[in-house]
Each structure stands twice: as C-alpha cells, then as structure tokens.
$ cat input_17.txt   # compact mmCIF, C-alpha atoms
# COMPACT_ATOMS: atom_id res chain seq x y z
CA MET X 1 -104.59 57.14 -18.15
CA ASN X 2 -105.30 56.79 -14.45
CA LEU X 3 -108.66 55.84 -12.97
CA GLY X 4 -109.64 59.36 -11.91
CA ALA X 5 -108.81 60.84 -15.32
CA ALA X 6 -110.75 58.07 -17.09
CA LEU X 7 -113.80 58.82 -14.95
CA ASP X 8 -113.58 62.57 -15.61
CA TRP X 9 -113.22 61.98 -19.34
CA ALA X 10 -116.19 59.60 -19.46
CA ALA X 11 -118.41 61.80 -17.28
CA ASP X 12 -117.80 64.76 -19.60
CA GLN X 13 -118.86 62.72 -22.63
CA LEU X 14 -121.98 61.43 -20.88
CA ALA X 15 -122.93 64.93 -19.77
CA ALA X 16 -122.57 66.18 -23.35
CA LYS X 17 -125.19 63.59 -24.36
CA GLN X 18 -127.48 64.88 -21.57
CA ILE X 19 -127.35 61.58 -19.71
CA ALA X 20 -128.45 62.03 -16.11
CA ASP X 21 -125.95 61.50 -13.26
CA PRO X 22 -122.95 61.28 -15.63
CA ARG X 23 -120.37 60.73 -12.88
CA LEU X 24 -122.34 57.87 -11.33
CA GLU X 25 -122.91 56.35 -14.75
CA ALA X 26 -119.18 56.53 -15.50
CA GLU X 27 -118.39 54.88 -12.17
CA LEU X 28 -120.83 52.01 -12.80
CA LEU X 29 -119.36 51.38 -16.23
CA ILE X 30 -115.74 51.42 -15.12
CA MET X 31 -116.45 49.19 -12.12
CA HIS X 32 -118.01 46.71 -14.54
CA ALA X 33 -115.20 46.98 -17.10
CA LEU X 34 -112.41 46.59 -14.52
CA ASP X 35 -114.29 44.29 -12.12
CA LEU X 36 -113.85 46.75 -9.26
CA GLN X 37 -115.85 47.16 -6.05
CA ARG X 38 -116.89 50.70 -5.09
CA ASN X 39 -114.43 50.96 -2.20
CA ALA X 40 -111.56 50.04 -4.55
CA LEU X 41 -112.79 52.66 -7.01
CA ILE X 42 -112.78 55.35 -4.33
CA MET X 43 -109.40 54.41 -2.87
CA ASN X 44 -107.47 53.97 -6.14
CA GLN X 45 -108.14 57.07 -8.24
CA ALA X 46 -104.43 57.33 -9.15
CA MET X 47 -104.25 53.72 -10.36
CA THR X 48 -103.17 53.35 -13.98
CA VAL X 49 -105.78 51.63 -16.14
CA ASP X 50 -104.14 49.07 -18.42
CA GLN X 51 -104.88 49.00 -22.14
CA SER X 52 -107.20 45.99 -22.06
CA GLY X 53 -109.22 47.47 -19.19
CA LEU X 54 -109.38 50.84 -20.91
CA ALA X 55 -110.61 49.17 -24.11
CA ARG X 56 -113.40 47.40 -22.20
CA PHE X 57 -114.37 50.67 -20.54
CA LYS X 58 -114.44 52.55 -23.84
CA LYS X 59 -116.60 49.85 -25.43
CA ALA X 60 -119.10 50.06 -22.55
CA LEU X 61 -119.05 53.85 -22.73
CA GLU X 62 -119.74 53.80 -26.47
CA ARG X 63 -122.85 51.74 -25.81
CA ARG X 64 -124.05 54.10 -23.07
CA LEU X 65 -123.48 57.15 -25.29
CA LYS X 66 -126.04 55.60 -27.68
CA HIS X 67 -128.47 55.70 -24.71
CA GLU X 68 -128.40 51.96 -24.14
CA PRO X 69 -129.38 51.54 -20.46
CA THR X 70 -126.53 50.82 -18.08
CA ALA X 71 -128.33 47.76 -16.70
CA TYR X 72 -128.25 46.13 -20.13
CA ILE X 73 -124.55 46.93 -20.54
CA ILE X 74 -123.66 45.56 -17.11
CA GLY X 75 -126.14 42.70 -17.41
CA ASP X 76 -127.90 42.96 -14.08
CA GLN X 77 -129.85 45.24 -11.78
CA PRO X 78 -130.21 45.22 -7.97
CA PHE X 79 -133.81 44.74 -6.86
CA HIS X 80 -135.22 44.34 -3.36
CA GLY X 81 -132.03 42.80 -1.96
CA VAL X 82 -131.39 40.41 -4.85
CA THR X 83 -129.47 40.72 -8.10
CA ILE X 84 -131.57 40.39 -11.24
CA LYS X 85 -130.06 39.45 -14.59
CA VAL X 86 -131.47 41.60 -17.40
CA ASN X 87 -131.15 41.91 -21.15
CA LYS X 88 -133.12 43.54 -23.96
CA GLN X 89 -135.83 40.90 -23.70
CA VAL X 90 -137.02 42.18 -20.31
CA LEU X 91 -137.95 45.44 -18.63
CA ILE X 92 -135.37 46.84 -16.22
CA PRO X 93 -136.72 46.63 -12.63
CA ARG X 94 -137.59 49.99 -11.06
CA PRO X 95 -137.62 51.24 -7.45
CA GLU X 96 -141.40 51.78 -7.68
CA THR X 97 -141.82 48.05 -8.24
CA GLU X 98 -139.69 47.32 -5.18
CA GLN X 99 -142.28 49.27 -3.22
CA LEU X 100 -145.03 47.10 -4.71
CA VAL X 101 -143.20 44.03 -3.40
CA ASP X 102 -142.96 45.68 0.04
CA ILE X 103 -146.70 46.33 0.04
CA VAL X 104 -147.49 42.70 -0.74
CA ILE X 105 -145.14 41.36 1.94
CA LYS X 106 -146.54 43.69 4.61
CA GLU X 107 -150.13 42.82 3.66
CA ILE X 108 -149.38 39.11 4.00
CA GLN X 109 -147.79 39.68 7.40
CA HIS X 110 -150.72 41.83 8.55
CA LEU X 111 -153.34 39.33 7.43
CA SER X 112 -151.42 36.48 9.13
CA LEU X 113 -151.84 34.28 6.06
CA ASP X 114 -150.48 30.74 6.12
CA ILE X 115 -147.34 31.22 4.05
CA GLY X 116 -146.80 27.47 3.89
CA HIS X 117 -149.94 27.08 1.79
CA LEU X 118 -149.87 30.43 0.03
CA THR X 119 -149.76 30.69 -3.75
CA LEU X 120 -148.97 33.93 -5.54
CA ALA X 121 -148.92 34.78 -9.22
CA ASP X 122 -146.74 37.44 -10.82
CA ILE X 123 -148.44 38.36 -14.09
CA GLY X 124 -146.16 39.62 -16.85
CA THR X 125 -143.19 38.42 -14.84
CA GLY X 126 -140.53 39.58 -17.34
CA SER X 127 -137.17 39.21 -15.60
CA GLY X 128 -138.92 37.47 -12.71
CA CYS X 129 -137.86 40.24 -10.32
CA ILE X 130 -141.20 40.34 -8.45
CA ALA X 131 -141.54 36.56 -8.30
CA VAL X 132 -137.96 36.06 -7.11
CA ALA X 133 -138.14 38.84 -4.50
CA LEU X 134 -141.42 37.49 -3.11
CA ALA X 135 -140.13 33.92 -3.00
CA LYS X 136 -137.00 35.14 -1.22
CA ALA X 137 -139.03 37.05 1.38
CA LEU X 138 -141.69 34.34 1.84
CA PRO X 139 -139.61 31.19 2.24
CA GLN X 140 -142.45 28.65 2.04
CA ALA X 141 -144.77 30.27 -0.49
CA VAL X 142 -145.05 29.11 -4.09
CA VAL X 143 -144.87 31.86 -6.71
CA TYR X 144 -146.00 31.46 -10.31
CA GLY X 145 -144.47 33.79 -12.87
CA ILE X 146 -146.47 34.13 -16.09
CA ASP X 147 -145.40 35.81 -19.30
CA GLN X 148 -146.18 35.59 -23.00
CA SER X 149 -142.48 35.86 -23.89
CA GLY X 150 -140.48 32.65 -23.88
CA ASP X 151 -137.25 34.69 -23.96
CA ALA X 152 -138.30 36.57 -20.84
CA LEU X 153 -139.16 33.33 -19.05
CA LYS X 154 -135.66 32.00 -19.71
CA ILE X 155 -134.21 35.04 -17.94
CA ALA X 156 -136.72 34.67 -15.09
CA GLN X 157 -135.72 31.04 -14.59
CA GLN X 158 -132.04 32.02 -14.47
CA ASN X 159 -132.82 34.67 -11.87
CA ALA X 160 -134.75 32.22 -9.71
CA ALA X 161 -131.86 29.75 -9.89
CA GLN X 162 -129.09 32.24 -9.11
CA ASN X 163 -131.06 33.56 -6.12
CA GLY X 164 -131.81 30.10 -4.71
CA VAL X 165 -135.60 30.03 -5.17
CA ALA X 166 -135.98 27.93 -8.33
CA ASP X 167 -137.77 25.23 -6.33
CA ARG X 168 -140.60 27.63 -5.42
CA CYS X 169 -140.82 29.78 -8.55
CA ARG X 170 -142.76 28.14 -11.35
CA PHE X 171 -142.70 29.97 -14.66
CA LEU X 172 -145.46 29.46 -17.21
CA LYS X 173 -145.96 30.82 -20.71
CA GLY X 174 -149.30 32.41 -21.49
CA ASN X 175 -151.57 35.41 -21.13
CA LEU X 176 -152.58 36.77 -17.73
CA LEU X 177 -154.07 34.01 -15.53
CA GLU X 178 -154.83 31.57 -18.37
CA PRO X 179 -151.96 29.10 -17.68
CA LEU X 180 -153.11 28.52 -14.09
CA LYS X 181 -155.47 25.62 -13.34
CA GLU X 182 -156.69 27.30 -10.14
CA LYS X 183 -156.78 30.92 -9.02
CA PRO X 184 -153.90 31.80 -6.70
CA ASP X 185 -154.39 33.44 -3.31
CA LEU X 186 -152.77 36.68 -4.46
CA VAL X 187 -152.02 38.18 -7.83
CA VAL X 188 -149.30 40.79 -8.25
CA ALA X 189 -148.56 42.63 -11.47
CA ASN X 190 -146.57 45.46 -12.93
CA PRO X 191 -148.37 45.30 -16.27
CA PRO X 192 -147.76 47.40 -19.37
CA TYR X 193 -149.60 50.65 -18.57
CA ILE X 194 -148.22 53.33 -20.86
CA PRO X 195 -150.75 54.54 -23.47
CA THR X 196 -149.59 53.59 -26.95
CA ALA X 197 -149.39 57.20 -28.15
CA GLU X 198 -147.13 58.16 -25.23
CA ILE X 199 -144.38 55.60 -25.82
CA ASN X 200 -142.49 57.59 -28.45
CA LYS X 201 -142.37 60.54 -26.04
CA LEU X 202 -140.40 58.56 -23.46
CA GLN X 203 -136.68 58.99 -22.89
CA PRO X 204 -134.54 57.12 -25.45
CA GLU X 205 -133.26 54.65 -22.86
CA VAL X 206 -136.83 53.40 -22.54
CA LYS X 207 -138.49 53.79 -25.94
CA ASP X 208 -135.48 52.71 -28.00
CA TRP X 209 -134.18 49.86 -25.87
CA GLU X 210 -136.72 48.30 -23.52
CA PRO X 211 -139.23 45.77 -24.92
CA ARG X 212 -142.30 47.57 -26.25
CA ALA X 213 -144.57 44.70 -25.19
CA ALA X 214 -143.62 45.40 -21.57
CA LEU X 215 -144.55 49.08 -21.93
CA ASP X 216 -147.57 49.34 -24.24
CA GLY X 217 -150.84 49.22 -22.33
CA GLY X 218 -153.06 49.96 -25.31
CA PRO X 219 -154.82 53.21 -26.25
CA ASP X 220 -155.58 54.27 -22.66
CA GLY X 221 -152.83 52.26 -20.97
CA LEU X 222 -155.38 50.08 -19.17
CA LYS X 223 -155.74 47.11 -21.53
CA TYR X 224 -154.09 44.56 -19.23
CA ILE X 225 -155.22 46.19 -15.99
CA ARG X 226 -158.84 46.01 -17.21
CA GLU X 227 -158.44 42.29 -17.96
CA LEU X 228 -156.81 41.55 -14.60
CA ILE X 229 -159.57 43.31 -12.69
CA LYS X 230 -162.19 41.42 -14.70
CA ALA X 231 -160.49 38.12 -13.85
CA ALA X 232 -161.07 39.01 -10.17
CA PRO X 233 -158.44 36.98 -8.34
CA ALA X 234 -158.92 36.77 -4.58
CA ARG X 235 -156.54 39.64 -3.92
CA LEU X 236 -154.99 41.83 -6.59
CA TYR X 237 -151.99 44.15 -6.30
CA LEU X 238 -151.17 46.35 -9.29
CA GLU X 239 -148.69 49.04 -10.20
CA PHE X 240 -150.11 51.68 -12.56
CA GLY X 241 -149.21 54.96 -14.22
CA PHE X 242 -149.69 58.66 -13.58
CA GLY X 243 -153.30 59.84 -13.73
CA GLN X 244 -154.84 56.35 -13.96
CA ALA X 245 -156.10 55.96 -10.38
CA ALA X 246 -159.62 57.32 -10.91
CA LYS X 247 -160.34 55.16 -13.96
CA ILE X 248 -158.93 52.03 -12.31
CA THR X 249 -161.06 52.67 -9.23
CA GLU X 250 -164.13 53.06 -11.44
CA LEU X 251 -163.37 49.77 -13.20
CA ALA X 252 -162.75 47.95 -9.92
CA ARG X 253 -165.94 49.08 -8.18
CA ALA X 254 -167.97 46.58 -10.18
CA VAL X 255 -165.77 43.73 -8.97
CA TYR X 256 -164.12 44.40 -5.61
CA PRO X 257 -165.94 45.41 -2.42
CA GLN X 258 -162.63 46.54 -0.96
CA ILE X 259 -160.41 48.92 -2.93
CA GLU X 260 -157.34 50.87 -1.94
CA ILE X 261 -155.07 53.23 -3.84
CA ARG X 262 -151.62 53.86 -2.40
CA ARG X 263 -148.92 56.37 -3.26
CA ASP X 264 -145.27 55.78 -4.06
CA HIS X 265 -142.35 57.42 -2.27
CA ALA X 266 -142.65 60.43 -4.56
CA GLY X 267 -146.23 60.96 -3.41
CA LEU X 268 -147.83 59.82 -6.67
CA GLU X 269 -150.81 57.47 -6.80
CA ARG X 270 -149.15 54.28 -8.00
CA TYR X 271 -150.62 51.09 -6.50
CA PHE X 272 -154.05 49.43 -6.56
CA ILE X 273 -155.15 46.82 -4.05
CA GLY X 274 -158.44 45.00 -4.49
CA GLY X 275 -159.94 42.26 -2.36
CA PHE X 276 -163.02 40.63 -0.96
CA ASP X 277 -162.06 40.97 2.69
CA GLU X 278 -160.75 43.71 4.94
CA LEU X 279 -157.55 45.41 3.79
CA SER X 280 -154.84 46.40 6.20
CA THR X 281 -155.77 50.09 6.14
CA SER X 282 -158.96 49.90 4.13
CA ARG X 283 -160.11 53.07 2.41
CA PRO X 284 -162.94 52.01 0.09
CA GLN X 285 -163.18 54.34 -2.86

$ encode --input "input_17.txt" --output "structure tokens"
Amino acid sequence: MNLGAALDWAADQLAAKQIADPRLEAELLIMHALDLQRNALIMNQAMTVDQSGLARFKKALERRLKHEPTAYIIGDQPFHGVTIKVNKQVLIPRPETEQLVDIVIKEIQHLSLDIGHLTLADIGTGSGCIAVALAKALPQAVVYGIDQSGDALKIAQQNAAQNGVADRCRFLKGNLLEPLKEKPDLVVANPPYIPTAEINKLQPEVKDWEPRAALDGGPDGLKYIRELIKAAPARLYLEFGFGQAAKITELARAVYPQIEIRRDHAGLERYFIGGFDELSTSRPQ
C-alpha cells in the first residue's frame, strides 16, 4: 500500500466514526508512525509503506478509532511555540490557553514589571504548559507550577527540562497556593471549570480519556475559581468556561478593585483578570 492509499483508507475509517478532520488526523498519525515531516508526506504520496511502518500506523489508527486523543497517541502537543509532552495523567493543552499566556505576557510588558525579580505561579499546572511557555517568554522570571497530582508534576518537570527552562520552573505538590511560602507577583490558572453534571455530555475524547480531576469544577464549575479569588494574589489571570463571566465578576467584586473580562478568538468571554492596580485596558465591572 502506498502512502496516499493508506491515508485515504484511514481517513475513511475515521470519518465513519464521526471523528472531526479525518484527513488531518490520518496525516498526523502516519507522520508519527513513519517518522515523517509534513513536506515529506506531501511530496511522497506514491511511496510504498513497508510492513513494519504499516503495522505501526494501523496500531495508532486503532487507538484513535476508540476516540483516544491524537496527542496521547503521538505523545506530545505543540503549545505557544514549545513542544509539550502529554499522557493520560494530564490535560491536553488547548489554543484558548495559549491566548491566556499571551495575555499575561502582554500585561507584564505593558506594566513594565521587573522580570528579573518577578515570580509567577501556575496553579493546577498539569503538563506544565503554561509554566514552561511563560518561563520561555520571560527569560529571567521564576515560575512555580503547583498541582495535586504527583504524576502530572513528573510530566511538567520533563517538559521544563526538554524546553530548557528547568532552572526557572519550580514544581510543587499541593492545593492552590498552599505550597508557596510567599504570595507570587502574578497567579495564572486554567483550573477545572466544567460543572460536574456536564462532564458526561462532553465528547468522548475528553470525558473518556482526559483526567477528570483536571475537568471537574464542582457543581457550578467554580469550586477552584472561587478559592483562587478568595486567596487574592496580587494579580490573578484565569481561564473559565462558557456562561461563567457574570458569576465570576460577582465573586471578584468583593476582593478586587480592578476587574476585567476578556474574550477569546471565537468572541466568547473566556478570561478573568483581577488586580489591585490599574490594568492595561481597565474596564471595571
């Protein structure tokens, strides 16, 4: 079987299972199985796939047909210019969280903060994607990554090492800000924010494969967000879910004199910023 025929065959099977973007998914799997770059994939459609390569491809395809996420099959996910190792112990990084990282970096630049003495904390660090991306973009800052999962912290440490920021990423086990002796300058979090009752309604790639602890935000989805706001770090940046902006704003009014809600690239309210000084484009709620 040549490369083009293998891709067509796989894409048809993926489509039959109602997996989105079946051709792209097939391409990602075969590039992984055959260790091909995209340009080689495009230029060599007539190339014969040997039996060992075809076996690896079929094994990866079988996993994807069971709705296992491609990132777990491949073992990594691109995120904000770095490559993040992932497995079933950690949430797969999303584009919306890349935007959260962008917001934090731009805020720091706008406020002209002393990066050399800046400490940030990534709460619920998981794979460490936020911590690693921030450390990469802010070459003198120290970033703490905190998580209750020891398995997740092992992955985060690997990601910091492979991206050359292990000396400035310090990973601690514990709940929220508890492991820190002093409050950091900024706190960033993509906490669990899906209401418990909604989890089983999610697509199978999420509900059946990704760690429930990284998804479940309690009855209203705000369990961890409520605790983070109450802890009142100097500046707080949060990602949250659909329809939660009004309640989060209400909770934050008792704590933060400056509040801002920002939208993601799809136009949905997605990010909370709270602080005790002027925000870059302050719109108090």

$ residues_around --input "input_17.txt" --residues "Ala60 (chain X)" --least-positions-apart "2" --cutoff "12 Å" --atoms "only C-alpha atoms" --output "ChimeraX atom specification"
/X:10,14,25-34,53-58,62-75

$ atom_distance --input "input_17.txt" --atom1 "CA of Arg253 (chain X)" --atom2 "CA of Glu227 (chain X)"
14.1 Å

$ closest_residue --input "input_17.txt" --among "X:Ala197, X:Ala252, X:Lys207, X:Ser127" --to "Phe171 (chain X)" --atoms "all atoms listed in the file"
X:Ser127

$ closest_residue --input "input_17.txt" --among "X:Met1, X:Ala234, X:Leu118, X:Ala245" --to "Tyr193 (chain X)" --atoms "only C-alpha atoms"
X:Ala245

$ axis_aligned_box --input "input_17.txt" --around "region 93-110 of chain X" --padding-each-side "4 Å" --output "AutoDock Vina command-line options"
--center_x -143.7 --center_y 45.4 --center_z -2.0 --size_x 22.0 --size_y 20.7 --size_z 29.2

$ atom_distance --input "input_17.txt" --atom1 "CA of Asn163 (chain X)" --atom2 "CA of Ile42 (chain X)"
28.5 Å

$ residues_around --input "input_17.txt" --residues "Arg235 (chain X)" --least-positions-apart "4" --cutoff "9 Å" --atoms "all atoms listed in the file" --output "PyMOL selection string"
chain X and resi 184-188+273-277

$ residues_near_point --input "input_17.txt" --point "(-134.5, 39.0, -9.7)" --cutoff "9 Å" --atoms "only C-alpha atoms" --output "VMD selection string"
chain X and resid 76 to 86 93 127 to 133 156 158 to 160 162 to 163

$ write_last_selection --input "input_17.txt" --atoms "C-alpha atoms" --output "PDB file, in the frame of the given file"
ATOM      1  CA  ASP X  76    -127.900  42.960 -14.080  1.00  0.00           C
ATOM      2  CA  GLN X  77    -129.850  45.240 -11.780  1.00  0.00           C
ATOM      3  CA  PRO X  78    -130.210  45.220  -7.970  1.00  0.00           C
ATOM      4  CA  PHE X  79    -133.810  44.740  -6.860  1.00  0.00           C
ATOM      5  CA  HIS X  80    -135.220  44.340  -3.360  1.00  0.00           C
ATOM      6  CA  GLY X  81    -132.030  42.800  -1.960  1.00  0.00           C
ATOM      7  CA  VAL X  82    -131.390  40.410  -4.850  1.00  0.00           C
ATOM      8  CA  THR X  83    -129.470  40.720  -8.100  1.00  0.00           C
ATOM      9  CA  ILE X  84    -131.570  40.390 -11.240  1.00  0.00           C
ATOM     10  CA  LYS X  85    -130.060  39.450 -14.590  1.00  0.00           C
ATOM     11  CA  VAL X  86    -131.470  41.600 -17.400  1.00  0.00           C
ATOM     12  CA  PRO X  93    -136.720  46.630 -12.630  1.00  0.00           C
ATOM     13  CA  SER X 127    -137.170  39.210 -15.600  1.00  0.00           C
ATOM     14  CA  GLY X 128    -138.920  37.470 -12.710  1.00  0.00           C
ATOM     15  CA  CYS X 129    -137.860  40.240 -10.320  1.00  0.00           C
ATOM     16  CA  ILE X 130    -141.200  40.340  -8.450  1.00  0.00           C
ATOM     17  CA  ALA X 131    -141.540  36.560  -8.300  1.00  0.00           C
ATOM     18  CA  VAL X 132    -137.960  36.060  -7.110  1.00  0.00           C
ATOM     19  CA  ALA X 133    -138.140  38.840  -4.500  1.00  0.00           C
ATOM     20  CA  ALA X 156    -136.720  34.670 -15.090  1.00  0.00           C
ATOM     21  CA  GLN X 158    -132.040  32.020 -14.470  1.00  0.00           C
ATOM     22  CA  ASN X 159    -132.820  34.670 -11.870  1.00  0.00           C
ATOM     23  CA  ALA X 160    -134.750  32.220  -9.710  1.00  0.00           C
ATOM     24  CA  GLN X 162    -129.090  32.240  -9.110  1.00  0.00           C
ATOM     25  CA  ASN X 163    -131.060  33.560  -6.120  1.00  0.00           C
TER      26      ASN X 163
END

$ residues_around --input "input_17.txt" --residues "Arg23 (chain X)" --least-positions-apart "5" --cutoff "8 Å" --atoms "all atoms listed in the file" --output "list of chain:residue names"
X:Leu7, X:Asp8, X:Ala10, X:Ala11

$ residues_around --input "input_17.txt" --residues "Leu153 (chain X)" --least-positions-apart "6" --cutoff "10 Å" --atoms "all atoms listed in the file" --output "NGL selection string"
:X and (89-90 or 124-128 or 145-147 or 159 or 170-173)

$ closest_residue --input "input_17.txt" --among "X:Ala137, X:Ala189, X:Ala16, X:Leu3" --to "Glu239 (chain X)" --atoms "only C-alpha atoms"
X:Ala189

$ residues_near_point --input "input_17.txt" --point "(-149.9, 33.1, -2.5)" --cutoff "10 Å" --atoms "all atoms listed in the file" --output "list of chain:residue names"
X:Ile108, X:Leu113, X:Asp114, X:Ile115, X:Gly116, X:His117, X:Leu118, X:Thr119, X:Leu120, X:Ala121, X:Asp122, X:Leu134, X:Ala135, X:Leu138, X:Gln140, X:Ala141, X:Val142, X:Val143, X:Tyr144, X:Lys183, X:Pro184, X:Asp185, X:Leu186, X:Val187, X:Val188, X:Ala234, X:Arg235

$ atom_distance --input "input_17.txt" --atom1 "CA of Glu198 (chain X)" --atom2 "CA of Asn175 (chain X)"
23.5 Å

$ closest_residue --input "input_17.txt" --among "X:Ile155, X:Ala20, X:Ala231, X:Ile199" --to "Leu215 (chain X)" --atoms "all atoms listed in the file"
X:Ile199

$ residues_around --input "input_17.txt" --residues "Pro192 (chain X)" --least-positions-apart "3" --cutoff "10 Å" --atoms "all atoms listed in the file" --output "list of chain:residue names"
X:Gly124, X:Ala189, X:Pro195, X:Thr196, X:Arg212, X:Ala213, X:Ala214, X:Leu215, X:Asp216, X:Gly217, X:Gly218, X:Gly221, X:Leu222, X:Lys223, X:Tyr224, X:Ile225, X:Glu239, X:Phe240, X:Gly241

$ closest_residue --input "input_17.txt" --among "X:Met43, X:Leu238, X:Leu176, X:Leu36" --to "Ile259 (chain X)" --atoms "only C-alpha atoms"
X:Leu238

$ decode --input "input_17.txt" --residues "region 136-153 of chain X" --atoms "N, CA and C atoms" --output "short mmCIF file (atom, residue, chain, number, x, y, z; two decimals), in the first residue's frame"
data_model
loop_
_atom_site.label_atom_id
_atom_site.label_comp_id
_atom_site.auth_asym_id
_atom_site.auth_seq_id
_atom_site.Cartn_x
_atom_site.Cartn_y
_atom_site.Cartn_z
N LYS X 136 9.74 30.44 29.15
CA LYS X 136 10.43 30.60 27.87
C LYS X 136 10.34 32.04 27.38
N ALA X 137 9.18 32.66 27.58
CA ALA X 137 8.95 34.03 27.08
C ALA X 137 9.52 35.09 28.01
N LEU X 138 9.71 34.75 29.29
CA LEU X 138 10.20 35.71 30.28
C LEU X 138 11.50 35.16 30.86
N PRO X 139 12.62 35.38 30.17
CA PRO X 139 13.84 34.62 30.44
C PRO X 139 14.52 34.82 31.79
N GLN X 140 14.02 35.73 32.62
CA GLN X 140 14.62 35.87 33.95
C GLN X 140 13.63 35.60 35.07
N ALA X 141 12.37 35.45 34.74
CA ALA X 141 11.35 35.23 35.76
C ALA X 141 11.42 33.82 36.31
N VAL X 142 10.96 33.66 37.53
CA VAL X 142 10.84 32.35 38.17
C VAL X 142 9.36 31.98 38.17
N VAL X 143 9.06 30.76 37.72
CA VAL X 143 7.67 30.31 37.62
C VAL X 143 7.48 29.07 38.48
N TYR X 144 6.52 29.14 39.39
CA TYR X 144 6.16 27.97 40.19
C TYR X 144 4.97 27.27 39.54
N GLY X 145 5.06 25.96 39.41
CA GLY X 145 3.95 25.18 38.91
C GLY X 145 3.44 24.29 40.03
N ILE X 146 2.17 24.42 40.37
CA ILE X 146 1.60 23.70 41.51
C ILE X 146 0.50 22.77 41.04
N ASP X 147 0.52 21.55 41.57
CA ASP X 147 -0.52 20.59 41.21
C ASP X 147 -0.65 19.57 42.33
N GLN X 148 -1.84 19.00 42.47
CA GLN X 148 -2.06 17.98 43.47
C GLN X 148 -1.62 16.59 43.00
N SER X 149 -1.38 16.46 41.70
CA SER X 149 -1.02 15.17 41.12
C SER X 149 0.49 15.03 40.97
N GLY X 150 1.05 14.06 41.68
CA GLY X 150 2.48 13.80 41.52
C GLY X 150 2.83 13.31 40.13
N ASP X 151 1.93 12.53 39.50
CA ASP X 151 2.17 12.05 38.14
C ASP X 151 2.23 13.21 37.15
N ALA X 152 1.33 14.18 37.34
CA ALA X 152 1.34 15.35 36.46
C ALA X 152 2.63 16.15 36.64
N LEU X 153 3.09 16.29 37.86
CA LEU X 153 4.30 17.06 38.12
C LEU X 153 5.53 16.43 37.48
#
